[in-house]
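Undergrad: The structure's right below; bear with me while I get my questions together.
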Amino acid sequence: MKKQAALELIDFLYESPTAFHSVLKTESYLTEHGYVELKEADQWALESKGKYYVKKNDSALIAFEIGTGDVIEHGIRMIGAHTDSPGFRIKAKSEMVIEGSYLKLNTEGYGGPLLYTWFDRPLGLAGKVTLKGETPFKPVTRLVNINKPLLIIPSLAIHMNRSVNEGFEVNKQKDTLPLLGLVNEHFEKDNYLVKLLANELEVDYKEIMGFELSLYEYEKGCLVGVNEELISCGGLDDMWMVYAGVKALVESNESAATKMMICMDNEEIGSLTAQGANSNFIPNIIERVTLALGKDREGMHRTLANSVMISADLAHAVHPNVSEKHDPTHRPVLGKGPVLKIAASGSYSTDSHCMAIFEGLCQTAEVPYQKFYNRSDVRGGTTIGPVTSSILTIPVMDMGAPLLGMHSIRELASVEDHDFTVKLFTTFFGL
């Protein structure tokens, strides 16, 4: 049962190679379970126990189920995660011909990918393409996923870089440009990529006005380990938490509180976009929900005063080969349950109040839990927790399932931790 659940997660991730596809897959799952889309431009009429979702820029989504009780009294229970992963984006004028023979694409890094893991792997290409619309203000968007081994970033042979195994600084502009193919007499030099996209979408290439395309690993994730107890897959950070949260939202019991799953984009680059957590998208949706339920703006603030949020990103597990990188007394490992993340710097939003809520939830769900602190001499990362906590001014606990190889093209997690995380989220929504 647990392995089957992990395989379903892998399927979900493979069909979500970009934030756009993540939202599309999530939307399909929600629709199957009775959720109805709301448009920001429409007037909303919400019903008790109604199930709804709202999209932003095709790459962020907020889904919610109206509680059976008064929204002010019972508040909103939120889980927040992000739809994007670090990697590479294709630049607009991307074709580069080298030695009259090699065709490669010009890229730029997105977020903080673990660069050396991208070499010598077959890569697919996916994202959003914008087409000419009826007016300049109404362009048409289409998603594309060229799901085949289209590109590869070749390594330089050790014979030409003898010291590579002593350390190699990867230059994003020079070393990580993917090879698309070899030039021949049939090669169409101009607009090669655009014509490739047009052929995939079955449109005239002149209709394409722009695109947001990303590379991704073509090979699908799998279970590994002597007992298939580990999950080896790309995109676990952070679509794993999106999937677990949406699954919990759908499967949890009815609650007096309104339940809300928040899936935001652009966390890997700071969240400062219209579809990112450091925008007004989340508070706007909360305000519109409370107004549509017959409350006023004062009622919205009273609702927030009774609300709580889990910021669900992933956590660093102790590495079996480099265990000294972790704090000496807080050492989370794979397979031992979700991890509460704490930092005196404020890079995580967890305080003692949130800590008590989290531990109480884990005890109720009968799920083991761990804690993460950075080593005091190591600068850690952050996530959407502090941003949403400061905007909404509510308790936000930062947590995540433990992970190895974070930001690698292929990360490593535990089957057991997937089960624990879904149980925790389902309990949080259903209490």
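By convention in this document, the chains of the structure tokens carry letters A, B, ... by their order, each chain's residues are numbered from 1, and ligands are numbered from 1 in the order they are shown.
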If you run DSSP on the backbone here, which positions in region 101-322 of chain A get alpha helix (DSSP H)? Please write them as a PyMOL selection string.
TA: chain A and resi 192-201+236-251+281-292+297-305
Undergrad: Set the distance at 10 Å and use only C-alpha atoms: which residues neighbour region 346-355 of chain A once local chain neighbours fewer than 2 positions away are removed? I'd like the list as an mmCIF file with N, CA, C and O atoms, in the first residue's frame.
TA:
data_model
loop_
_atom_site.group_PDB
_atom_site.id
_atom_site.type_symbol
_atom_site.label_atom_id
_atom_site.label_comp_id
_atom_site.auth_asym_id
_atom_site.auth_seq_id
_atom_site.Cartn_x
_atom_site.Cartn_y
_atom_site.Cartn_z
ATOM 1 N N VAL A 308 -4.385 29.228 11.090
ATOM 2 C CA VAL A 308 -3.042 28.675 11.263
ATOM 3 C C VAL A 308 -2.589 28.067 9.935
ATOM 4 O O VAL A 308 -3.417 27.668 9.111
ATOM 5 N N MET A 309 -1.275 28.007 9.736
ATOM 6 C CA MET A 309 -0.749 27.525 8.459
ATOM 7 C C MET A 309 0.469 26.628 8.666
ATOM 8 O O MET A 309 1.286 26.869 9.560
ATOM 9 N N ILE A 310 0.557 25.608 7.847
ATOM 10 C CA ILE A 310 1.774 24.798 7.722
ATOM 11 C C ILE A 310 2.467 25.207 6.427
ATOM 12 O O ILE A 310 1.871 25.141 5.351
ATOM 13 N N SER A 311 3.699 25.671 6.536
ATOM 14 C CA SER A 311 4.532 25.919 5.364
ATOM 15 C C SER A 311 5.313 24.638 5.092
ATOM 16 O O SER A 311 6.206 24.263 5.858
ATOM 17 N N LEU A 340 10.291 19.359 11.674
ATOM 18 C CA LEU A 340 9.988 20.755 12.008
ATOM 19 C C LEU A 340 11.273 21.557 11.891
ATOM 20 O O LEU A 340 12.309 21.185 12.457
ATOM 21 N N LYS A 341 11.229 22.680 11.168
ATOM 22 C CA LYS A 341 12.432 23.467 10.891
ATOM 23 C C LYS A 341 12.426 24.755 11.718
ATOM 24 O O LYS A 341 11.447 25.507 11.704
ATOM 25 N N ILE A 342 13.533 25.003 12.411
ATOM 26 C CA ILE A 342 13.627 26.109 13.355
ATOM 27 C C ILE A 342 14.934 26.850 13.119
ATOM 28 O O ILE A 342 15.980 26.233 12.888
ATOM 29 N N ALA A 343 14.892 28.191 13.173
ATOM 30 C CA ALA A 343 16.103 28.990 12.983
ATOM 31 C C ALA A 343 15.979 30.312 13.733
ATOM 32 O O ALA A 343 15.000 31.043 13.563
ATOM 33 N N ALA A 344 16.982 30.620 14.570
ATOM 34 C CA ALA A 344 16.992 31.883 15.300
ATOM 35 C C ALA A 344 17.077 33.076 14.359
ATOM 36 O O ALA A 344 16.660 34.187 14.701
ATOM 37 N N ILE A 357 1.951 23.346 18.467
ATOM 38 C CA ILE A 357 0.884 22.915 17.551
ATOM 39 C C ILE A 357 1.347 21.724 16.725
ATOM 40 O O ILE A 357 0.647 20.713 16.594
ATOM 41 N N PHE A 358 2.543 21.826 16.169
ATOM 42 C CA PHE A 358 3.073 20.768 15.303
ATOM 43 C C PHE A 358 3.213 19.454 16.063
ATOM 44 O O PHE A 358 2.796 18.390 15.587
ATOM 45 N N GLU A 359 3.796 19.518 17.238
ATOM 46 C CA GLU A 359 3.999 18.292 18.007
ATOM 47 C C GLU A 359 2.665 17.684 18.421
ATOM 48 O O GLU A 359 2.499 16.453 18.414
ATOM 49 N N GLY A 360 1.687 18.530 18.761
ATOM 50 C CA GLY A 360 0.353 18.029 19.089
ATOM 51 C C GLY A 360 -0.315 17.352 17.909
ATOM 52 O O GLY A 360 -0.962 16.306 18.063
ATOM 53 N N LEU A 361 -0.152 17.927 16.721
ATOM 54 C CA LEU A 361 -0.717 17.329 15.513
ATOM 55 C C LEU A 361 -0.081 15.976 15.222
ATOM 56 O O LEU A 361 -0.777 15.004 14.875
ATOM 57 N N LYS A 371 13.316 17.235 14.273
ATOM 58 C CA LYS A 371 13.562 18.676 14.243
ATOM 59 C C LYS A 371 14.863 18.964 13.510
ATOM 60 O O LYS A 371 15.810 18.169 13.560
ATOM 61 N N TYR A 373 17.748 22.035 12.896
ATOM 62 C CA TYR A 373 18.429 23.314 13.063
ATOM 63 C C TYR A 373 19.666 23.271 12.182
ATOM 64 O O TYR A 373 20.340 22.228 12.086
ATOM 65 N N ARG A 379 25.268 28.802 6.878
ATOM 66 C CA ARG A 379 24.112 29.594 6.481
ATOM 67 C C ARG A 379 23.089 28.688 5.819
ATOM 68 O O ARG A 379 23.389 27.991 4.863
ATOM 69 N N GLY A 380 21.868 28.671 6.337
ATOM 70 C CA GLY A 380 20.829 27.815 5.786
ATOM 71 C C GLY A 380 19.979 28.510 4.748
ATOM 72 O O GLY A 380 20.193 29.682 4.417
ATOM 73 N N GLY A 381 18.991 27.798 4.243
ATOM 74 C CA GLY A 381 18.053 28.363 3.275
ATOM 75 C C GLY A 381 16.803 28.882 3.965
ATOM 76 O O GLY A 381 16.729 28.974 5.193
ATOM 77 N N THR A 382 15.815 29.226 3.169
ATOM 78 C CA THR A 382 14.528 29.675 3.697
ATOM 79 C C THR A 382 13.443 29.191 2.758
ATOM 80 O O THR A 382 13.715 28.498 1.776
ATOM 81 N N THR A 383 12.202 29.548 3.060
ATOM 82 C CA THR A 383 11.088 29.111 2.229
ATOM 83 C C THR A 383 9.941 30.107 2.373
ATOM 84 O O THR A 383 10.165 31.243 2.801
ATOM 85 N N ILE A 384 8.711 29.691 2.040
ATOM 86 C CA ILE A 384 7.610 30.650 2.037
ATOM 87 C C ILE A 384 7.063 30.936 3.433
ATOM 88 O O ILE A 384 6.245 31.831 3.601
ATOM 89 N N GLY A 385 7.508 30.197 4.441
ATOM 90 C CA GLY A 385 6.993 30.378 5.786
ATOM 91 C C GLY A 385 7.118 31.787 6.338
ATOM 92 O O GLY A 385 6.117 32.406 6.731
ATOM 93 N N PRO A 386 8.332 32.357 6.411
ATOM 94 C CA PRO A 386 8.475 33.710 6.941
ATOM 95 C C PRO A 386 7.708 34.764 6.141
ATOM 96 O O PRO A 386 7.172 35.722 6.708
ATOM 97 N N VAL A 387 7.652 34.594 4.826
ATOM 98 C CA VAL A 387 6.931 35.551 3.979
ATOM 99 C C VAL A 387 5.444 35.546 4.308
ATOM 100 O O VAL A 387 4.835 36.595 4.544
ATOM 101 N N THR A 388 4.834 34.360 4.324
ATOM 102 C CA THR A 388 3.395 34.281 4.574
ATOM 103 C C THR A 388 3.062 34.651 6.013
ATOM 104 O O THR A 388 2.025 35.259 6.278
ATOM 105 N N SER A 389 3.932 34.309 6.933
ATOM 106 C CA SER A 389 3.706 34.672 8.331
ATOM 107 C C SER A 389 3.687 36.184 8.514
ATOM 108 O O SER A 389 2.844 36.732 9.223
ATOM 109 N N SER A 390 4.610 36.874 7.835
ATOM 110 C CA SER A 390 4.675 38.329 7.972
ATOM 111 C C SER A 390 3.518 39.029 7.273
ATOM 112 O O SER A 390 3.039 40.066 7.734
ATOM 113 N N PRO A 395 0.107 32.282 12.973
ATOM 114 C CA PRO A 395 1.115 31.257 13.238
ATOM 115 C C PRO A 395 1.376 30.415 11.982
ATOM 116 O O PRO A 395 0.443 29.886 11.384
ATOM 117 N N VAL A 396 2.631 30.332 11.598
ATOM 118 C CA VAL A 396 3.037 29.517 10.453
ATOM 119 C C VAL A 396 4.197 28.633 10.890
ATOM 120 O O VAL A 396 5.242 29.146 11.299
ATOM 121 N N MET A 397 4.008 27.339 10.841
ATOM 122 C CA MET A 397 5.077 26.410 11.200
ATOM 123 C C MET A 397 5.764 25.927 9.939
ATOM 124 O O MET A 397 5.122 25.502 8.980
ATOM 125 N N ASP A 398 7.085 26.032 9.908
ATOM 126 C CA ASP A 398 7.865 25.555 8.772
ATOM 127 C C ASP A 398 8.257 24.111 9.008
ATOM 128 O O ASP A 398 8.885 23.781 10.029
ATOM 129 N N MET A 399 7.886 23.251 8.083
ATOM 130 C CA MET A 399 8.223 21.834 8.194
ATOM 131 C C MET A 399 8.477 21.269 6.809
ATOM 132 O O MET A 399 8.270 21.939 5.798
#
Undergrad: For Lys2 (chain A), list every protein, DNA or RNA residue within 8 Å, evaluated using only C-alpha atoms, and leave out those in the same chain fewer than 6 positions away; present the list as a list in words.
TA: Val415, Glu416 and Asp419 of chain A
Undergrad: For each of A:Gly109, A:Asn280, A:Arg77, A:Thr426, take the minimum atom-to-atom distance to Leu304 (chain A), counting only C-alpha atoms, then give the residue where this is smallest.
TA: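 Checking each of A:Gly109, A:Asn280, A:Arg77, A:Thr426 against Leu304 (chain A), counting only C-alpha atoms, the winner is A:Arg77.
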Undergrad: Set the distance at 9 Å and use only C-alpha atoms: which residues neighbour Asp11 (chain A) once local chain neighbours fewer than 5 positions away are removed? I'd like the list as a list in words.
TA: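 Final neighbour list, sorted by chain and number: Ala6, Ser16, Lys220 and Gly221 of chain A.
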Undergrad: Which is closest to Leu179 (chain A) among A:Lys51, A:His319, A:Lys336, A:Arg121, if we use only C-alpha atoms?
TA: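 Distance minimum relative to Leu179 (chain A) lands on A:Arg121.
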Undergrad: Would you give me, as a PyMOL selection string, the residues in region 198-396 of chain A that DSSP reads as strand (DSSP E or B)?
TA: chain A and resi 208-217+222-224+230-233+258-264+308-312+315-316+339-341+370-372+396
Undergrad: Name the residues in contact with Leu424 (chain A) at a cut-off of 7 Å, using only C-alpha atoms, excluding same-chain residues fewer than 4 positions from it; report them as a list in words.
TA: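 Residues meeting the cut-off are Leu361, Cys362, Ala365, Val367, Phe420 and Phe428 of chain A.
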Undergrad: Once you have the residues from the selection above, write them out as a compact mmCIF listing (two decimals), in the first residue's frame, restricted to all heavy atoms.
TA:
# COMPACT_ATOMS: atom_id res chain seq x y z
N LEU A 361 -0.15 17.93 16.72
CA LEU A 361 -0.72 17.33 15.51
C LEU A 361 -0.08 15.98 15.22
O LEU A 361 -0.78 15.00 14.88
CB LEU A 361 -0.52 18.27 14.32
CG LEU A 361 -1.41 19.51 14.24
CD1 LEU A 361 -0.90 20.46 13.17
CD2 LEU A 361 -2.85 19.10 13.95
N CYS A 362 1.24 15.90 15.36
CA CYS A 362 1.93 14.63 15.10
C CYS A 362 1.49 13.56 16.08
O CYS A 362 1.30 12.39 15.71
CB CYS A 362 3.44 14.84 15.17
SG CYS A 362 4.14 15.77 13.79
N ALA A 365 -1.98 12.42 15.06
CA ALA A 365 -1.91 11.61 13.84
C ALA A 365 -1.13 10.32 14.04
O ALA A 365 -1.08 9.49 13.12
CB ALA A 365 -1.28 12.43 12.72
N VAL A 367 2.12 10.04 14.24
CA VAL A 367 3.21 10.14 13.27
C VAL A 367 4.47 10.59 14.00
O VAL A 367 4.43 11.56 14.76
CB VAL A 367 2.84 11.17 12.17
CG1 VAL A 367 4.06 11.57 11.36
CG2 VAL A 367 1.75 10.61 11.25
N PHE A 420 3.81 9.09 6.20
CA PHE A 420 3.71 9.90 7.42
C PHE A 420 3.20 11.32 7.11
O PHE A 420 2.36 11.86 7.84
CB PHE A 420 5.07 10.01 8.10
CG PHE A 420 5.54 8.75 8.77
CD1 PHE A 420 6.90 8.42 8.76
CD2 PHE A 420 4.67 7.89 9.41
CE1 PHE A 420 7.35 7.27 9.39
CE2 PHE A 420 5.11 6.73 10.03
CZ PHE A 420 6.46 6.42 10.02
N PHE A 428 -4.40 17.34 10.08
CA PHE A 428 -4.46 18.81 10.21
C PHE A 428 -5.72 19.37 9.58
O PHE A 428 -6.41 20.21 10.19
CB PHE A 428 -3.22 19.40 9.53
CG PHE A 428 -3.22 20.90 9.42
CD1 PHE A 428 -2.98 21.70 10.53
CD2 PHE A 428 -3.46 21.53 8.20
CE1 PHE A 428 -2.97 23.09 10.44
CE2 PHE A 428 -3.46 22.90 8.09
CZ PHE A 428 -3.20 23.69 9.22
Undergrad: Find the residues around region 144-161 of chain A up to 9 Å (only C-alpha atoms counted), leave out those fewer than 5 positions away in its own chain, and share them as a count of residues only.
TA: 31
